[in-house]
Amino acid sequence: GMAIVSALNARFRAGTVSDDPASAGVVLHGLNPQLGKGPAPWLSSERAARVSCVIANARLPFIFHGWRRNPNQRSPGFVLRPSVVKRALLCAYGHDGSTDGMNCPAVDWRASPNKCTPGCPSQTNPGRDGSVVGLNLSQAMFVHEERVARLATSMPSDERASPAASLERARLVMQQQHDQYNELVLAADTCNSLLPGTIEAVYMLPHTTITDAMLATAKRAREIRNETVWPPPYPEENDERLARLVHAQLLHRFNLTAQQLPLLELNISDRAAPFRLAPRLTGAEN
């Protein structure tokens, strides 16, 4: 387990713009109906035909924390193996592509004459920037880094601050915003066919200042929309319980050990070593 933690932290620190997911950073999928929910959480939904995820590294420390209506903003998820991501990748965005709201033809999309890719904008449903085709991985990462750079230049300047310090301030501000992550779209059938190797680890999000900031942002968004019905409160440990349950199911289904497929904590505030082994439960907690 520690070998996997060390490898993920090294990949996160060294991540840079690349078309090779192993060089770009770590690929993360927050559990949702596409993958991670239901009686077989290791299987992605063939009906949806796609799996959305993000790529994160020390330069782009942005992840999916959960839906705006999630009362905790600490959604657990899967670390996806880069070799599988490379085979399954269909297209990418330098922002949240909102692919859940995009429908695909009922016919086999691989055989469709217009090369429809699940989640990619189309002529009749262009992307928010007017695009009608998805980007490759390096293009999406470059667009994402440009977003951070623009934010850095728009923030109040400190003449004594170096460009690197300004970028770091921008990253901290951006981490507290919704939709601050990029989006990668993977073919669901490819992810399914390569199980259990598709999933490198299960992660959960500890309680940090970043998760607190995300909760505050979600609350402001609901107030701006004058929402009167808010999500029902539930114990914060529910997200951890879900992560531990899904992890246990994976180990049982594929006859794996926790050393082969570990359960991790992901503290995105730690830019040097964001991953660590999740603490074991005590007898009473177990």
# chains A, B, ... in the order shown; residues from 1 in each chain; ligands from 1
>>> closest_atom_pairs(of="stretch 28-76 of chain A", to="stretch 193-208 of chain A", cutoff="8 Å", atoms="only C-alpha atoms", output="tab-separated table")
residue	atom	partner	partner_atom	distance
A:Trp42	CA	A:Leu195	CA	7.8
A:Arg74	CA	A:Leu205	CA	5.4
A:Ser75	CA	A:Leu205	CA	6.8
A:Pro76	CA	A:Met204	CA	4.2
>>> write_last_selection(atoms="C-alpha atoms", output="PDB file, in the first residue's frame")
ATOM      1  CA  TRP A  42     -16.957  -1.168  -9.948  1.00  0.00           C
ATOM      2  CA  ARG A  74     -16.536  15.422   0.496  1.00  0.00           C
ATOM      3  CA  SER A  75     -17.419  12.888  -2.158  1.00  0.00           C
ATOM      4  CA  PRO A  76     -15.128   9.822  -2.179  1.00  0.00           C
TER       5      PRO A  76
END
>>> closest_atom_pairs(of="stretch 189-270 of chain A", to="stretch 274-280 of chain A", cutoff="9 Å", atoms="only C-alpha atoms", output="JSON lines")
{"residue": "A:Tyr203", "atom": "CA", "partner": "A:Ala278", "partner_atom": "CA", "distance": 8.2}
{"residue": "A:Met204", "atom": "CA", "partner": "A:Ala278", "partner_atom": "CA", "distance": 8.1}
{"residue": "A:Pro262", "atom": "CA", "partner": "A:Leu277", "partner_atom": "CA", "distance": 7.2}
{"residue": "A:Leu263", "atom": "CA", "partner": "A:Ala278", "partner_atom": "CA", "distance": 5.7}
{"residue": "A:Leu264", "atom": "CA", "partner": "A:Leu277", "partner_atom": "CA", "distance": 4.5}
{"residue": "A:Glu265", "atom": "CA", "partner": "A:Ala278", "partner_atom": "CA", "distance": 5.1}
{"residue": "A:Leu266", "atom": "CA", "partner": "A:Phe275", "partner_atom": "CA", "distance": 4.8}
{"residue": "A:Asn267", "atom": "CA", "partner": "A:Pro274", "partner_atom": "CA", "distance": 4.8}
{"residue": "A:Ile268", "atom": "CA", "partner": "A:Pro274", "partner_atom": "CA", "distance": 5.5}
{"residue": "A:Ser269", "atom": "CA", "partner": "A:Pro274", "partner_atom": "CA", "distance": 7.1}
{"residue": "A:Asp270", "atom": "CA", "partner": "A:Pro274", "partner_atom": "CA", "distance": 4.8}
>>> write_last_selection(atoms="C-alpha atoms", output="short mmCIF file (atom, residue, chain, number, x, y, z; two decimals), in the first residue's frame")
data_model
loop_
_atom_site.label_atom_id
_atom_site.label_comp_id
_atom_site.auth_asym_id
_atom_site.auth_seq_id
_atom_site.Cartn_x
_atom_site.Cartn_y
_atom_site.Cartn_z
CA TYR A 203 -9.92 7.66 -1.92
CA MET A 204 -11.90 9.69 0.57
CA PRO A 262 -5.58 0.54 -0.95
CA LEU A 263 -8.04 2.92 0.67
CA LEU A 264 -6.48 6.39 0.81
CA GLU A 265 -7.13 9.86 2.15
CA LEU A 266 -6.70 12.67 -0.36
CA ASN A 267 -5.86 16.02 1.20
CA ILE A 268 -5.65 18.30 -1.82
CA SER A 269 -4.34 21.10 0.42
CA ASP A 270 -1.06 19.18 0.68
#
>>> closest_residue(among="A:Leu242, A:Leu281, A:Leu135, A:Ala221", to="A:Asn32", atoms="only C-alpha atoms")
A:Leu242
>>> residues_around(residues="A:Ala92", least_positions_apart="2", cutoff="10 Å", atoms="only C-alpha atoms", output="short mmCIF file (atom, residue, chain, number, x, y, z; two decimals) with all heavy atoms, in the first residue's frame")
data_model
loop_
_atom_site.label_atom_id
_atom_site.label_comp_id
_atom_site.auth_asym_id
_atom_site.auth_seq_id
_atom_site.Cartn_x
_atom_site.Cartn_y
_atom_site.Cartn_z
N SER A 52 -16.86 10.37 -16.37
CA SER A 52 -16.21 11.67 -16.24
C SER A 52 -15.20 11.64 -15.10
O SER A 52 -15.45 11.02 -14.06
CB SER A 52 -17.26 12.76 -15.96
OG SER A 52 -18.19 12.83 -17.02
N CYS A 53 -14.09 12.30 -15.30
CA CYS A 53 -13.06 12.36 -14.26
C CYS A 53 -12.26 13.64 -14.43
O CYS A 53 -12.53 14.45 -15.34
CB CYS A 53 -12.16 11.12 -14.31
SG CYS A 53 -11.53 10.73 -15.95
N VAL A 54 -11.29 13.84 -13.55
CA VAL A 54 -10.43 15.02 -13.63
C VAL A 54 -8.99 14.54 -13.55
O VAL A 54 -8.70 13.44 -13.08
CB VAL A 54 -10.70 16.02 -12.48
CG1 VAL A 54 -12.15 16.44 -12.45
CG2 VAL A 54 -10.29 15.43 -11.13
N ILE A 55 -8.07 15.39 -14.02
CA ILE A 55 -6.65 15.12 -13.82
C ILE A 55 -6.10 16.23 -12.93
O ILE A 55 -6.38 17.42 -13.14
CB ILE A 55 -5.87 15.02 -15.14
CG1 ILE A 55 -4.48 14.47 -14.88
CG2 ILE A 55 -5.81 16.34 -15.88
CD1 ILE A 55 -3.94 13.62 -15.98
N LEU A 89 -9.69 7.23 -23.03
CA LEU A 89 -9.95 8.67 -23.16
C LEU A 89 -10.58 9.01 -24.51
O LEU A 89 -10.07 8.64 -25.56
CB LEU A 89 -8.65 9.46 -22.98
CG LEU A 89 -8.78 10.98 -23.04
CD1 LEU A 89 -9.64 11.50 -21.90
CD2 LEU A 89 -7.40 11.64 -22.99
N LEU A 90 -11.70 9.73 -24.46
CA LEU A 90 -12.41 10.17 -25.65
C LEU A 90 -12.14 11.63 -25.95
O LEU A 90 -11.84 12.00 -27.08
CB LEU A 90 -13.92 9.94 -25.48
CG LEU A 90 -14.34 8.49 -25.23
CD1 LEU A 90 -15.81 8.43 -24.86
CD2 LEU A 90 -14.06 7.64 -26.45
N GLY A 94 -10.98 21.94 -20.49
CA GLY A 94 -10.21 22.71 -19.52
C GLY A 94 -11.07 23.25 -18.40
O GLY A 94 -10.63 24.11 -17.63
N HIS A 95 -12.29 22.74 -18.29
CA HIS A 95 -13.27 23.19 -17.28
C HIS A 95 -14.24 22.05 -17.08
O HIS A 95 -14.07 20.95 -17.63
CB HIS A 95 -14.00 24.44 -17.75
CG HIS A 95 -14.52 24.34 -19.16
ND1 HIS A 95 -15.63 23.57 -19.49
CD2 HIS A 95 -14.06 24.86 -20.33
CE1 HIS A 95 -15.84 23.65 -20.80
NE2 HIS A 95 -14.91 24.42 -21.34
N ASP A 96 -15.28 22.27 -16.31
CA ASP A 96 -16.35 21.28 -16.16
C ASP A 96 -17.14 21.25 -17.46
O ASP A 96 -17.79 22.23 -17.82
CB ASP A 96 -17.25 21.67 -14.98
CG ASP A 96 -18.46 20.76 -14.84
OD1 ASP A 96 -18.47 19.67 -15.45
OD2 ASP A 96 -19.40 21.14 -14.13
N GLY A 97 -17.09 20.13 -18.17
CA GLY A 97 -17.76 20.04 -19.46
C GLY A 97 -19.25 19.80 -19.39
O GLY A 97 -19.92 19.79 -20.42
N GLY A 119 -20.57 12.86 -24.55
CA GLY A 119 -20.22 14.02 -23.76
C GLY A 119 -19.65 15.18 -24.55
O GLY A 119 -19.64 16.31 -24.07
N CYS A 120 -19.15 14.93 -25.76
CA CYS A 120 -18.57 16.03 -26.53
C CYS A 120 -19.66 16.94 -27.09
O CYS A 120 -20.74 16.46 -27.46
CB CYS A 120 -17.73 15.50 -27.69
SG CYS A 120 -16.15 14.81 -27.19
N VAL A 133 -16.09 20.27 -30.79
CA VAL A 133 -15.29 19.06 -30.65
C VAL A 133 -14.55 19.12 -29.33
O VAL A 133 -14.24 20.20 -28.82
CB VAL A 133 -14.27 18.89 -31.80
CG1 VAL A 133 -14.98 18.67 -33.12
CG2 VAL A 133 -13.36 20.11 -31.90
N GLY A 134 -14.27 17.96 -28.75
CA GLY A 134 -13.52 17.93 -27.51
C GLY A 134 -12.03 18.13 -27.77
O GLY A 134 -11.55 18.05 -28.90
N LEU A 135 -11.29 18.37 -26.71
CA LEU A 135 -9.85 18.58 -26.79
C LEU A 135 -9.13 17.29 -26.42
O LEU A 135 -9.68 16.40 -25.79
CB LEU A 135 -9.43 19.68 -25.82
CG LEU A 135 -10.11 21.04 -25.96
CD1 LEU A 135 -9.67 21.96 -24.82
CD2 LEU A 135 -9.79 21.66 -27.31
N ASN A 136 -7.85 17.20 -26.82
CA ASN A 136 -7.06 16.11 -26.29
C ASN A 136 -6.54 16.51 -24.92
O ASN A 136 -6.76 17.63 -24.45
CB ASN A 136 -5.94 15.70 -27.25
CG ASN A 136 -4.95 16.84 -27.50
OD1 ASN A 136 -4.67 17.64 -26.62
ND2 ASN A 136 -4.41 16.90 -28.71
N LEU A 137 -5.85 15.61 -24.25
CA LEU A 137 -5.48 15.84 -22.85
C LEU A 137 -4.56 17.03 -22.68
O LEU A 137 -4.80 17.89 -21.82
CB LEU A 137 -4.82 14.57 -22.28
CG LEU A 137 -4.37 14.65 -20.82
CD1 LEU A 137 -5.54 15.01 -19.90
CD2 LEU A 137 -3.74 13.32 -20.39
N SER A 138 -3.52 17.13 -23.47
CA SER A 138 -2.59 18.24 -23.30
C SER A 138 -3.24 19.58 -23.61
O SER A 138 -2.97 20.58 -22.94
CB SER A 138 -1.35 18.04 -24.20
OG SER A 138 -1.71 17.99 -25.57
N GLN A 139 -4.12 19.63 -24.60
CA GLN A 139 -4.83 20.88 -24.90
C GLN A 139 -5.69 21.31 -23.73
O GLN A 139 -5.71 22.49 -23.35
CB GLN A 139 -5.69 20.70 -26.16
CG GLN A 139 -4.92 20.57 -27.44
CD GLN A 139 -5.82 20.18 -28.61
OE1 GLN A 139 -6.82 19.48 -28.43
NE2 GLN A 139 -5.47 20.62 -29.80
N ALA A 140 -6.42 20.35 -23.16
CA ALA A 140 -7.29 20.67 -22.02
C ALA A 140 -6.48 21.15 -20.83
O ALA A 140 -6.87 22.10 -20.13
CB ALA A 140 -8.12 19.45 -21.64
N MET A 141 -5.34 20.53 -20.58
CA MET A 141 -4.50 20.95 -19.46
C MET A 141 -3.93 22.34 -19.69
O MET A 141 -3.84 23.15 -18.76
CB MET A 141 -3.37 19.94 -19.24
CG MET A 141 -3.84 18.57 -18.77
SD MET A 141 -2.49 17.45 -18.43
CE MET A 141 -1.84 18.16 -16.89
N ASN A 182 -10.96 20.45 -14.28
CA ASN A 182 -11.14 20.11 -15.69
C ASN A 182 -12.00 18.86 -15.79
O ASN A 182 -12.43 18.31 -14.78
CB ASN A 182 -9.78 19.90 -16.37
CG ASN A 182 -8.92 18.88 -15.61
OD1 ASN A 182 -9.42 17.83 -15.20
ND2 ASN A 182 -7.66 19.18 -15.41
N GLU A 183 -12.26 18.39 -16.98
CA GLU A 183 -13.05 17.17 -17.14
C GLU A 183 -12.48 16.32 -18.27
O GLU A 183 -12.20 16.81 -19.36
CB GLU A 183 -14.51 17.48 -17.43
CG GLU A 183 -15.37 16.23 -17.51
CD GLU A 183 -16.86 16.51 -17.52
OE1 GLU A 183 -17.25 17.66 -17.26
OE2 GLU A 183 -17.63 15.58 -17.80
N LEU A 184 -12.29 15.05 -17.96
CA LEU A 184 -11.90 14.06 -18.95
C LEU A 184 -13.07 13.11 -19.14
O LEU A 184 -13.76 12.76 -18.18
CB LEU A 184 -10.68 13.25 -18.48
CG LEU A 184 -9.29 13.86 -18.63
CD1 LEU A 184 -9.18 15.18 -17.90
CD2 LEU A 184 -8.23 12.89 -18.12
N VAL A 185 -13.32 12.69 -20.37
CA VAL A 185 -14.42 11.79 -20.68
C VAL A 185 -13.85 10.47 -21.17
O VAL A 185 -13.11 10.42 -22.15
CB VAL A 185 -15.35 12.40 -21.75
CG1 VAL A 185 -16.53 11.46 -22.02
CG2 VAL A 185 -15.85 13.77 -21.32
N LEU A 186 -14.19 9.40 -20.46
CA LEU A 186 -13.70 8.06 -20.79
C LEU A 186 -14.83 7.19 -21.31
O LEU A 186 -15.99 7.37 -20.93
CB LEU A 186 -13.09 7.39 -19.55
CG LEU A 186 -12.08 8.18 -18.73
CD1 LEU A 186 -11.54 7.32 -17.60
CD2 LEU A 186 -10.94 8.70 -19.59
#
>>> select_by_dssp(residues="stretch 61-90 of chain A", states="helix (DSSP H, G or I)", output="VMD selection string")
chain A and resid 82 to 88
>>> write_last_selection(atoms="C-alpha atoms", output="PDB file, in the first residue's frame")
ATOM      1  CA  PRO A  82      -3.206   5.955 -16.252  1.00  0.00           C
ATOM      2  CA  SER A  83      -2.714   3.127 -18.764  1.00  0.00           C
ATOM      3  CA  VAL A  84      -6.470   2.490 -18.757  1.00  0.00           C
ATOM      4  CA  VAL A  85      -7.233   6.209 -18.998  1.00  0.00           C
ATOM      5  CA  LYS A  86      -4.979   6.437 -22.045  1.00  0.00           C
ATOM      6  CA  ARG A  87      -6.933   3.665 -23.785  1.00  0.00           C
ATOM      7  CA  ALA A  88     -10.383   4.894 -22.731  1.00  0.00           C
TER       8      ALA A  88
END
>>> atom_distance(atom1="atom CA of A:Thr190", atom2="atom CA of A:Glu240")
28.1 Å
>>> closest_residue(among="A:Ala216, A:Pro163, A:Val26, A:Gly77", to="A:Val246", atoms="only C-alpha atoms")
A:Gly77
>>> residues_around(residues="A:Met174", least_positions_apart="3", cutoff="10 Å", atoms="only C-alpha atoms", output="list in words")
Leu60, Pro61, Phe62, Arg147, Val148, Leu151, Ala152, Glu168, Arg169, Ala170, Arg171, Gln177, His178, Asp179, Gln180 and Tyr181 of chain A
>>> residues_around(residues="A:Gln34", least_positions_apart="5", cutoff="8 Å", atoms="only C-alpha atoms", output="number ranges by chain")
A: 44-45, 48, 50-52
>>> write_last_selection(atoms="N, CA, C and O atoms", output="short mmCIF file (atom, residue, chain, number, x, y, z; two decimals), in the first residue's frame")
data_model
loop_
_atom_site.label_atom_id
_atom_site.label_comp_id
_atom_site.auth_asym_id
_atom_site.auth_seq_id
_atom_site.Cartn_x
_atom_site.Cartn_y
_atom_site.Cartn_z
N SER A 44 -19.10 0.70 -14.61
CA SER A 44 -19.64 1.97 -15.09
C SER A 44 -20.89 1.72 -15.91
O SER A 44 -21.09 0.64 -16.46
N SER A 45 -21.73 2.72 -16.01
CA SER A 45 -23.03 2.59 -16.64
C SER A 45 -22.90 2.54 -18.16
O SER A 45 -22.46 3.51 -18.78
N ALA A 48 -25.02 5.25 -19.88
CA ALA A 48 -24.42 6.58 -19.99
C ALA A 48 -23.29 6.58 -21.01
O ALA A 48 -23.00 7.61 -21.61
N ARG A 50 -20.23 6.68 -20.73
CA ARG A 50 -19.05 7.49 -20.44
C ARG A 50 -18.80 7.58 -18.94
O ARG A 50 -19.70 7.36 -18.13
N VAL A 51 -17.56 7.89 -18.61
CA VAL A 51 -17.15 8.12 -17.23
C VAL A 51 -16.41 9.45 -17.20
O VAL A 51 -15.45 9.65 -17.95
N SER A 52 -16.86 10.37 -16.37
CA SER A 52 -16.21 11.67 -16.24
C SER A 52 -15.20 11.64 -15.10
O SER A 52 -15.45 11.02 -14.06
#
>>> atom_distance(atom1="atom CA of A:Asn57", atom2="atom CA of A:Arg13")
6.1 Å
>>> select_by_dssp(residues="stretch 163-222 of chain A", states="strand (DSSP E or B)", output="list of chain:residue names")
A:Glu183, A:Leu184, A:Val185, A:Leu186, A:Ala187, A:Ile199, A:Glu200, A:Ala201, A:Val202, A:Tyr203, A:Met204
>>> residues_around(residues="A:Ala10", least_positions_apart="4", cutoff="9 Å", atoms="only C-alpha atoms", output="ChimeraX atom specification")
/A:5-6,14-15,25,272-273
>>> atom_distance(atom1="atom CA of A:Ala7", atom2="atom CA of A:Asn238")
28.4 Å
>>> residues_around(residues="A:Ala40", least_positions_apart="6", cutoff="10 Å", atoms="only C-alpha atoms", output="mmCIF file with N, CA, C and O atoms, in the first residue's frame")
data_model
loop_
_atom_site.group_PDB
_atom_site.id
_atom_site.type_symbol
_atom_site.label_atom_id
_atom_site.label_comp_id
_atom_site.auth_asym_id
_atom_site.auth_seq_id
_atom_site.Cartn_x
_atom_site.Cartn_y
_atom_site.Cartn_z
ATOM 1 N N VAL A 246 -17.506 0.717 -0.390
ATOM 2 C CA VAL A 246 -17.146 0.449 -1.785
ATOM 3 C C VAL A 246 -15.783 -0.243 -1.853
ATOM 4 O O VAL A 246 -15.577 -1.179 -2.635
ATOM 5 N N GLN A 249 -16.202 -3.850 -0.890
ATOM 6 C CA GLN A 249 -16.864 -4.588 -1.964
ATOM 7 C C GLN A 249 -15.891 -4.927 -3.089
ATOM 8 O O GLN A 249 -15.908 -6.025 -3.648
ATOM 9 N N LEU A 250 -15.030 -3.973 -3.452
ATOM 10 C CA LEU A 250 -14.047 -4.201 -4.513
ATOM 11 C C LEU A 250 -13.081 -5.313 -4.131
ATOM 12 O O LEU A 250 -12.781 -6.207 -4.944
ATOM 13 N N ARG A 253 -14.983 -8.654 -4.296
ATOM 14 C CA ARG A 253 -15.381 -9.085 -5.641
ATOM 15 C C ARG A 253 -14.197 -9.588 -6.459
ATOM 16 O O ARG A 253 -14.300 -10.583 -7.186
#
>>> closest_residue(among="A:Arg244, A:Ala22, A:Phe64, A:Val17", to="A:Glu145", atoms="only C-alpha atoms")
A:Val17
>>> closest_residue(among="A:Glu146, A:Met214, A:Leu245, A:Ala49", to="A:Asp189", atoms="only C-alpha atoms")
A:Ala49
